[in-house]
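Participant: My structure file input-v2.cif, mmCIF, C-alpha atoms and all ligand atoms, is below:
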data_upload
loop_
_atom_site.label_atom_id
_atom_site.label_comp_id
_atom_site.auth_asym_id
_atom_site.auth_seq_id
_atom_site.Cartn_x
_atom_site.Cartn_y
_atom_site.Cartn_z
CA MET A 26 37.17 -17.54 -27.57
CA SER A 27 36.20 -19.01 -24.20
CA PHE A 28 32.77 -18.81 -22.59
CA THR A 29 32.12 -20.57 -19.29
CA VAL A 30 28.80 -21.66 -17.88
CA ALA A 31 29.04 -22.64 -14.19
CA ILE A 32 26.18 -24.78 -12.91
CA ASP A 33 26.17 -25.58 -9.20
CA GLY A 34 23.67 -27.13 -6.84
CA PRO A 35 22.93 -30.11 -4.60
CA ALA A 36 22.67 -33.75 -5.68
CA ALA A 37 19.86 -34.68 -8.07
CA ALA A 38 18.60 -31.12 -8.54
CA GLY A 39 18.82 -31.54 -12.31
CA LYS A 40 22.22 -29.93 -12.94
CA GLY A 41 23.55 -32.92 -14.84
CA THR A 42 20.59 -33.08 -17.21
CA ILE A 43 20.56 -29.31 -17.73
CA SER A 44 24.34 -29.14 -18.22
CA LYS A 45 24.42 -31.90 -20.82
CA ALA A 46 21.49 -30.45 -22.72
CA VAL A 47 22.80 -26.87 -22.83
CA ALA A 48 26.26 -28.11 -23.82
CA THR A 49 24.69 -29.95 -26.76
CA LYS A 50 22.48 -27.02 -27.69
CA PHE A 51 25.27 -24.44 -27.73
CA GLY A 52 28.06 -26.77 -28.88
CA PHE A 53 30.04 -26.37 -25.63
CA ALA A 54 32.19 -29.02 -23.97
CA HIS A 55 30.78 -30.40 -20.70
CA LEU A 56 32.56 -31.49 -17.52
CA ASP A 57 30.64 -33.13 -14.68
CA THR A 58 33.09 -32.22 -11.91
CA GLY A 59 31.35 -34.60 -9.48
CA LEU A 60 32.99 -37.41 -11.45
CA LEU A 61 36.44 -36.18 -10.34
CA TYR A 62 35.47 -36.50 -6.69
CA ARG A 63 33.70 -39.78 -7.37
CA ALA A 64 36.81 -41.21 -9.05
CA VAL A 65 38.88 -40.19 -6.01
CA GLY A 66 36.19 -41.66 -3.74
CA ARG A 67 36.35 -44.94 -5.65
CA ARG A 68 40.11 -45.02 -5.18
CA THR A 69 39.65 -44.68 -1.41
CA LEU A 70 37.14 -47.55 -1.43
CA GLN A 71 39.90 -49.57 -3.08
CA GLY A 72 42.20 -48.70 -0.18
CA MET A 73 44.09 -45.71 -1.56
CA GLU A 74 44.84 -42.61 0.46
CA PRO A 75 42.60 -39.72 -0.79
CA ILE A 76 45.22 -36.99 -1.38
CA ALA A 77 47.53 -39.36 -3.29
CA GLY A 78 44.45 -40.60 -5.16
CA ALA A 79 43.51 -37.08 -6.24
CA GLN A 80 47.05 -36.18 -7.25
CA ALA A 81 47.38 -39.29 -9.42
CA LEU A 82 43.92 -39.08 -11.02
CA THR A 83 43.76 -39.45 -14.81
CA ALA A 84 41.04 -38.26 -17.19
CA GLU A 85 40.62 -41.84 -18.46
CA GLU A 86 39.44 -42.98 -15.02
CA LEU A 87 36.35 -40.78 -15.36
CA GLU A 88 35.18 -43.00 -18.21
CA GLN A 89 35.86 -46.33 -16.50
CA GLY A 90 33.14 -48.35 -14.74
CA ASP A 91 30.03 -46.96 -13.06
CA LEU A 92 30.93 -44.01 -10.86
CA ARG A 93 27.28 -43.14 -10.22
CA THR A 94 26.56 -45.56 -7.38
CA ALA A 95 25.24 -44.57 -3.95
CA GLU A 96 28.37 -45.94 -2.24
CA ILE A 97 30.73 -43.93 -4.44
CA ALA A 98 28.59 -40.79 -3.98
CA GLN A 99 29.11 -40.92 -0.22
CA ALA A 100 32.83 -41.64 -0.61
CA ALA A 101 33.08 -38.66 -3.02
CA SER A 102 31.38 -36.33 -0.57
CA LYS A 103 33.83 -37.44 2.15
CA VAL A 104 37.02 -36.91 0.12
CA ALA A 105 35.63 -33.58 -1.13
CA VAL A 106 35.98 -32.17 2.41
CA ILE A 107 39.80 -32.48 2.25
CA PRO A 108 41.41 -29.20 1.06
CA GLU A 109 44.41 -30.97 -0.56
CA VAL A 110 42.08 -33.18 -2.57
CA ARG A 111 40.22 -30.12 -3.87
CA ALA A 112 43.48 -28.29 -4.60
CA ALA A 113 44.76 -31.22 -6.69
CA LEU A 114 41.69 -30.97 -8.96
CA VAL A 115 41.63 -27.19 -9.54
CA ASP A 116 43.99 -26.85 -12.53
CA PHE A 117 42.25 -29.51 -14.57
CA GLN A 118 38.87 -27.85 -14.04
CA ARG A 119 40.12 -24.33 -14.80
CA ALA A 120 41.86 -25.43 -17.98
CA PHE A 121 38.66 -27.17 -19.07
CA ALA A 122 36.61 -24.05 -18.32
CA ARG A 123 38.78 -21.82 -20.47
CA ARG A 124 39.04 -24.06 -23.51
CA THR A 125 38.21 -22.45 -26.81
CA GLY A 126 34.62 -22.86 -27.97
CA GLY A 127 32.84 -22.71 -24.62
CA ALA A 128 32.44 -25.02 -21.64
CA VAL A 129 29.80 -26.02 -19.12
CA LEU A 130 31.01 -27.25 -15.75
CA ASP A 131 28.63 -28.58 -13.13
CA GLY A 132 29.42 -29.15 -9.48
CA ARG A 133 29.24 -27.44 -6.10
CA ASP A 134 31.90 -24.69 -6.19
CA ILE A 135 32.25 -23.82 -9.87
CA GLY A 136 30.78 -20.31 -9.65
CA THR A 137 32.36 -19.55 -6.27
CA VAL A 138 35.89 -21.03 -6.43
CA ILE A 139 36.78 -22.70 -9.72
CA CYS A 140 35.43 -20.08 -12.14
CA PRO A 141 34.38 -16.94 -10.29
CA GLU A 142 34.77 -15.18 -13.66
CA ALA A 143 32.31 -17.47 -15.46
CA GLU A 144 30.10 -15.60 -17.92
CA VAL A 145 27.00 -17.44 -16.65
CA LYS A 146 26.38 -18.83 -13.17
CA LEU A 147 23.38 -20.92 -12.32
CA PHE A 148 22.48 -22.49 -8.99
CA VAL A 149 20.04 -25.30 -9.66
CA THR A 150 18.13 -26.60 -6.68
CA ALA A 151 14.99 -28.51 -5.62
CA SER A 152 13.52 -29.72 -2.34
CA PRO A 153 15.30 -32.71 -0.71
CA GLU A 154 12.14 -34.83 -1.16
CA VAL A 155 11.90 -34.13 -4.89
CA ARG A 156 15.62 -34.78 -5.37
CA ALA A 157 15.52 -38.01 -3.37
CA GLU A 158 12.58 -39.27 -5.44
CA ARG A 159 14.46 -38.55 -8.69
CA ARG A 160 17.61 -40.26 -7.43
CA PHE A 161 15.56 -43.20 -6.11
CA LEU A 162 13.98 -43.77 -9.54
CA GLU A 163 17.41 -43.50 -11.21
CA LEU A 164 19.02 -46.03 -8.88
CA LYS A 165 15.98 -48.35 -9.12
CA ALA A 166 16.20 -48.27 -12.92
CA LYS A 167 19.80 -49.47 -12.59
CA GLY A 168 18.63 -52.44 -10.50
CA SER A 169 19.72 -51.11 -7.10
CA ASP A 170 17.64 -52.34 -4.12
CA VAL A 171 17.71 -49.06 -2.17
CA THR A 172 14.59 -47.74 -0.41
CA ARG A 173 13.12 -44.23 -0.71
CA ASP A 174 13.92 -43.50 2.94
CA GLN A 175 17.52 -44.58 2.49
CA VAL A 176 17.95 -42.31 -0.52
CA LEU A 177 16.36 -39.35 1.28
CA SER A 178 18.62 -39.75 4.29
CA ASP A 179 21.67 -40.13 1.99
CA VAL A 180 20.73 -36.96 0.10
CA LYS A 181 20.30 -35.01 3.35
CA GLU A 182 23.57 -36.34 4.77
CA ARG A 183 25.45 -35.38 1.61
CA ASP A 184 23.82 -31.92 1.46
CA ALA A 185 24.88 -31.22 5.03
CA ARG A 186 28.46 -32.40 4.44
CA ASP A 187 28.79 -30.50 1.13
CA ALA A 188 27.31 -27.28 2.50
CA ASP A 189 28.99 -27.25 5.91
CA ARG A 190 32.60 -28.01 4.95
CA SER A 191 35.04 -25.16 5.46
CA THR A 192 36.79 -25.37 2.06
CA ALA A 193 34.67 -24.44 -0.97
CA PRO A 194 31.27 -25.25 0.58
CA MET A 195 28.31 -25.67 -1.73
CA LYS A 196 26.57 -22.31 -2.01
CA PRO A 197 25.31 -20.02 -4.74
CA ALA A 198 27.75 -17.36 -5.94
CA ALA A 199 26.53 -13.85 -5.07
CA ASP A 200 25.79 -13.25 -8.77
CA ALA A 201 24.33 -16.69 -9.56
CA VAL A 202 20.82 -17.04 -10.95
CA LEU A 203 18.76 -19.44 -8.81
CA LEU A 204 16.73 -22.08 -10.63
CA ASP A 205 14.40 -24.16 -8.43
CA THR A 206 13.32 -27.23 -10.39
CA SER A 207 11.00 -28.70 -7.70
CA ASP A 208 7.88 -27.92 -9.70
CA LEU A 209 9.37 -27.76 -13.18
CA SER A 210 9.44 -30.40 -15.89
CA ILE A 211 12.82 -31.13 -17.45
CA GLU A 212 11.74 -29.21 -20.55
CA ASP A 213 10.73 -26.12 -18.55
CA ALA A 214 13.91 -26.17 -16.45
CA LEU A 215 15.97 -26.47 -19.61
CA ALA A 216 14.10 -23.66 -21.34
CA LYS A 217 14.82 -21.36 -18.39
CA ALA A 218 18.51 -22.27 -18.38
CA VAL A 219 18.76 -21.65 -22.13
CA GLU A 220 17.06 -18.26 -21.75
CA ILE A 221 19.54 -17.22 -19.04
CA ILE A 222 22.54 -18.32 -21.12
CA GLU A 223 21.23 -16.63 -24.28
CA LYS A 224 21.15 -13.30 -22.42
CA SER A 225 24.88 -13.49 -21.66
CA ARG A 226 26.11 -14.86 -24.96
CA PRO A 227 28.05 -12.49 -27.13
CA ALA A 228 26.16 -11.58 -30.30
CA LYS A 229 27.35 -13.50 -33.36
CA PRO A 230 29.40 -11.32 -35.71
O1 LIG A 301 27.57 -34.02 -8.32
P1 LIG A 301 27.82 -35.40 -7.68
O2 LIG A 301 26.64 -35.91 -6.91
O3 LIG A 301 28.33 -36.39 -8.67
O4 LIG A 301 29.02 -35.15 -6.64
C1 LIG A 301 29.52 -36.13 -5.78
C2 LIG A 301 30.18 -35.47 -4.57
O5 LIG A 301 31.37 -34.78 -4.98
C3 LIG A 301 29.33 -34.41 -3.88
O6 LIG A 301 28.56 -34.95 -2.82
C4 LIG A 301 30.34 -33.41 -3.37
C5 LIG A 301 31.52 -33.56 -4.28
N1 LIG A 301 31.67 -32.45 -5.24
C6 LIG A 301 32.29 -31.31 -4.79
O7 LIG A 301 32.63 -31.22 -3.61
N2 LIG A 301 32.55 -30.29 -5.65
C7 LIG A 301 32.19 -30.37 -6.93
N3 LIG A 301 32.47 -29.36 -7.75
C8 LIG A 301 31.51 -31.52 -7.41
C9 LIG A 301 31.25 -32.54 -6.52
#
Output the file's structure as C-alpha cells, nothing else.
Ligand code: DC
Facilitator:
Amino acid sequence: MSFTVAIDGPAAAGKGTISKAVATKFGFAHLDTGLLYRAVGRRTLQGMEPIAGAQALTAEELEQGDLRTAEIAQAASKVAVIPEVRAALVDFQRAFARRTGGAVLDGRDIGTVICPEAEVKLFVTASPEVRAERRFLELKAKGSDVTRDQVLSDVKERDARDADRSTAPMKPAADAVLLDTSDLSIEDALAKAVEIIEKSRPAKP
C-alpha cells in the first residue's frame, strides 16, 4: 500500500530534518527532491546544457560528491525555472511517491504538482532571518567562509526565484498544513509533524 507525505517549503526551513526524521519514525522511504535540481545545477556548472542534463540524470549522481554547497544551490534554483527541466524529473518523483510502504518527498512543488493526491501535505516555513542563520551555521560547520549577510541575501534571492517562477512555483497547496518553525526547536517541530501524519495514517489492521 502506498502512503505519501509531501513536505514543501523554502530553503532551510527545516523540511530536510523533519522529512528524514519522520521517514525513519514511520519506516517510509525519503526523497529530497532538491537533490535532483542540485544535480542538474552541478551539471550546468560543468558546462552541460540544463535540459539535456535533466534528461540524462541518474539516481547514482544524487549520491556523488557534495551537492549541498551554496554555489550548487543557486545553480539548482536557476535550472528549476525551466519547464522542460521540471518535466524531465516528474516521473521519477511520482514513481518514488507511490512505492509500496510509504514515502516522504520534500521540495517546493510536491503537494501542488508532483503529488496533489498525497495523503499528508505540510508546508514548513520560517522567517528568512532564522533560515539564513541556520544555513550559515551549517555552511560554517563545513568550513565554508561565507558571511551571514551573504547567506541572507542568497536565501532571499532563491526564495524570490522559487516563488515567482511561472511553472510550479513554491507555494502551499490549498489543503496543506502550515508549520512555522521560526520559534520551534527541532524536537517541537518534529513532534508537530508526527502528530499531523498520525492523524492521516490508516489504522493498523
Ligand atoms: O531544497 P533545496 O534547497 O535543496 O533545493 C534547491 C533548489 O532546487 C531550490 O532553490 C529550488 C529547486 N527545487 C525545486 O524547484 N523544486 C523542488 N521540488 C525542489 C527543489
Participant: Between atom CA of Leu147 of chain A and atom CA of Ser44 of chain A, measure the distance and give it in Å to one decimal.
Facilitator: 10.2 Å
Participant: Give me, please, the distance in Å between atom O2 of ligand LIG 301 (chain A) and atom CA of Arg173 of chain A, quoted to one decimal.
Facilitator: 17.0 Å
Participant: Could you list, as a list in words, all residues that come within 6 Å of ligand LIG 301 (chain A)? Count only C-alpha atoms and all ligand atoms.
Facilitator: Ala36, Thr58, Gly59, Leu60, Tyr62, Arg63, Ala98, Ala101, Ser102, Ala105, Gly132, Arg133, Asp134, Ile135, Arg183 and Asp187 of chain A
Participant: Between A:Ala122, A:Val145, A:Ala198, A:Ala113, which is the closest to Ser27 of chain A once you count only C-alpha atoms?
Facilitator: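 Counting only C-alpha atoms, the residue closest to Ser27 of chain A is A:Ala122.
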Participant: How many Å separate atom CA of Arg156 of chain A from atom CA of Ala128 of chain A?
Facilitator: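 Computing the Euclidean distance for atom CA of Arg156 of chain A and atom CA of Ala128 of chain A yields 25.4 Å.
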Participant: Out of A:Thr42, A:Thr29, A:Thr83, A:Ser210, which residue has the shortest atom-to-atom distance to Val129 of chain A when counting all atoms listed in the file?
Facilitator: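 Of A:Thr42, A:Thr29, A:Thr83, A:Ser210, the one nearest Val129 of chain A, counting all atoms listed in the file, is A:Thr29.
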Participant: Check the smallest atom-to-atom distance from each of A:Val138, A:Val30, A:Met195, A:Val115 to Phe53 of chain A using all atoms listed in the file, then report the winner.
Facilitator: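 That would be A:Val30, the residue with the smallest distance to Phe53 of chain A.
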Participant: Tell me which of A:Ile211, A:Ala188, A:Ala216, A:Leu177 sits closest to Ser152 of chain A, counting all atoms listed in the file.
Facilitator: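 Smallest distance to Ser152 of chain A is found for A:Leu177.
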Participant: Which one of A:Ser178, A:Thr150, A:Thr192, A:Thr137 sits closest to Val110 of chain A if you count all atoms listed in the file?
Facilitator: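 Comparing A:Ser178, A:Thr150, A:Thr192, A:Thr137 against Val110 of chain A, the winner is A:Thr192.
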Participant: Find, counting only C-alpha atoms, the residue in A:Cys140, A:Leu162, A:Leu215, A:Val176 that gets nearest to Ala120 of chain A.
Facilitator: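 Looking only at the distances to Ala120 of chain A, the closest residue turns out to be A:Cys140.
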Participant: Please return as a PyMOL selection string every residue within 12 Å of (38.5, -44.2, -3.4), taking into account all atoms listed in the file and the file's own coordinates.
Facilitator: chain A and resi 60-79+81-82+86+92+96-105+110
Participant: Which residues are close to Glu163 of chain A, i.e. within 10 Å by all atoms listed in the file, leaving aside same-chain residues fewer than 5 positions away? Reply as a list of chain:residue names.
Facilitator: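 Answer for this query is A:Ala37, A:Arg93, A:Ala157, A:Glu158, A:Gly168, A:Ser169.
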Participant: Taking N, CA and C atoms as the atom set, what does segment 101-122 of chain A look like once completed, written as a PDB file, keeping the file's coordinate frame?
Facilitator:
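The file below, result-v8.pdb, is the result:
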ATOM      1  N   ALA A 101      32.687 -39.904  -2.337  1.00  0.00           N
ATOM      2  CA  ALA A 101      33.080 -38.660  -3.020  1.00  0.00           C
ATOM      3  C   ALA A 101      32.860 -37.471  -2.101  1.00  0.00           C
ATOM      4  N   SER A 102      31.698 -37.446  -1.450  1.00  0.00           N
ATOM      5  CA  SER A 102      31.380 -36.330  -0.570  1.00  0.00           C
ATOM      6  C   SER A 102      32.374 -36.260   0.598  1.00  0.00           C
ATOM      7  N   LYS A 103      32.857 -37.426   1.039  1.00  0.00           N
ATOM      8  CA  LYS A 103      33.830 -37.440   2.150  1.00  0.00           C
ATOM      9  C   LYS A 103      35.205 -36.938   1.704  1.00  0.00           C
ATOM     10  N   VAL A 104      35.680 -37.381   0.539  1.00  0.00           N
ATOM     11  CA  VAL A 104      37.020 -36.910   0.120  1.00  0.00           C
ATOM     12  C   VAL A 104      36.971 -35.438  -0.272  1.00  0.00           C
ATOM     13  N   ALA A 105      35.767 -34.956  -0.683  1.00  0.00           N
ATOM     14  CA  ALA A 105      35.630 -33.580  -1.130  1.00  0.00           C
ATOM     15  C   ALA A 105      35.797 -32.562  -0.002  1.00  0.00           C
ATOM     16  N   VAL A 106      35.784 -33.041   1.243  1.00  0.00           N
ATOM     17  CA  VAL A 106      35.980 -32.170   2.410  1.00  0.00           C
ATOM     18  C   VAL A 106      37.461 -31.809   2.573  1.00  0.00           C
ATOM     19  N   ILE A 107      38.354 -32.620   1.997  1.00  0.00           N
ATOM     20  CA  ILE A 107      39.800 -32.480   2.250  1.00  0.00           C
ATOM     21  C   ILE A 107      40.394 -31.401   1.323  1.00  0.00           C
ATOM     22  N   PRO A 108      40.916 -30.302   1.907  1.00  0.00           N
ATOM     23  CA  PRO A 108      41.410 -29.200   1.060  1.00  0.00           C
ATOM     24  C   PRO A 108      42.446 -29.630   0.031  1.00  0.00           C
ATOM     25  N   GLU A 109      43.360 -30.542   0.391  1.00  0.00           N
ATOM     26  CA  GLU A 109      44.410 -30.970  -0.560  1.00  0.00           C
ATOM     27  C   GLU A 109      43.827 -31.747  -1.731  1.00  0.00           C
ATOM     28  N   VAL A 110      42.745 -32.460  -1.470  1.00  0.00           N
ATOM     29  CA  VAL A 110      42.080 -33.180  -2.570  1.00  0.00           C
ATOM     30  C   VAL A 110      41.511 -32.155  -3.542  1.00  0.00           C
ATOM     31  N   ARG A 111      40.829 -31.146  -3.017  1.00  0.00           N
ATOM     32  CA  ARG A 111      40.220 -30.120  -3.870  1.00  0.00           C
ATOM     33  C   ARG A 111      41.303 -29.376  -4.647  1.00  0.00           C
ATOM     34  N   ALA A 112      42.397 -29.052  -3.948  1.00  0.00           N
ATOM     35  CA  ALA A 112      43.480 -28.290  -4.600  1.00  0.00           C
ATOM     36  C   ALA A 112      44.058 -29.072  -5.781  1.00  0.00           C
ATOM     37  N   ALA A 113      44.162 -30.393  -5.631  1.00  0.00           N
ATOM     38  CA  ALA A 113      44.760 -31.220  -6.690  1.00  0.00           C
ATOM     39  C   ALA A 113      43.893 -31.228  -7.953  1.00  0.00           C
ATOM     40  N   LEU A 114      42.608 -30.863  -7.817  1.00  0.00           N
ATOM     41  CA  LEU A 114      41.690 -30.970  -8.960  1.00  0.00           C
ATOM     42  C   LEU A 114      41.387 -29.617  -9.620  1.00  0.00           C
ATOM     43  N   VAL A 115      41.968 -28.542  -9.058  1.00  0.00           N
ATOM     44  CA  VAL A 115      41.630 -27.190  -9.540  1.00  0.00           C
ATOM     45  C   VAL A 115      42.131 -26.931 -10.965  1.00  0.00           C
ATOM     46  N   ASP A 116      43.403 -27.215 -11.227  1.00  0.00           N
ATOM     47  CA  ASP A 116      43.990 -26.850 -12.530  1.00  0.00           C
ATOM     48  C   ASP A 116      43.257 -27.505 -13.685  1.00  0.00           C
ATOM     49  N   PHE A 117      42.954 -28.779 -13.509  1.00  0.00           N
ATOM     50  CA  PHE A 117      42.250 -29.510 -14.570  1.00  0.00           C
ATOM     51  C   PHE A 117      40.910 -28.833 -14.898  1.00  0.00           C
ATOM     52  N   GLN A 118      40.179 -28.455 -13.837  1.00  0.00           N
ATOM     53  CA  GLN A 118      38.870 -27.850 -14.040  1.00  0.00           C
ATOM     54  C   GLN A 118      38.989 -26.468 -14.688  1.00  0.00           C
ATOM     55  N   ARG A 119      39.987 -25.687 -14.243  1.00  0.00           N
ATOM     56  CA  ARG A 119      40.120 -24.330 -14.800  1.00  0.00           C
ATOM     57  C   ARG A 119      40.539 -24.372 -16.258  1.00  0.00           C
ATOM     58  N   ALA A 120      41.419 -25.308 -16.589  1.00  0.00           N
ATOM     59  CA  ALA A 120      41.860 -25.430 -17.980  1.00  0.00           C
ATOM     60  C   ALA A 120      40.665 -25.829 -18.850  1.00  0.00           C
ATOM     61  N   PHE A 121      39.857 -26.732 -18.321  1.00  0.00           N
ATOM     62  CA  PHE A 121      38.660 -27.170 -19.070  1.00  0.00           C
ATOM     63  C   PHE A 121      37.728 -25.979 -19.304  1.00  0.00           C
ATOM     64  N   ALA A 122      37.553 -25.177 -18.241  1.00  0.00           N
ATOM     65  CA  ALA A 122      36.610 -24.050 -18.320  1.00  0.00           C
ATOM     66  C   ALA A 122      37.014 -23.031 -19.369  1.00  0.00           C
TER      67      ALA A 122
END
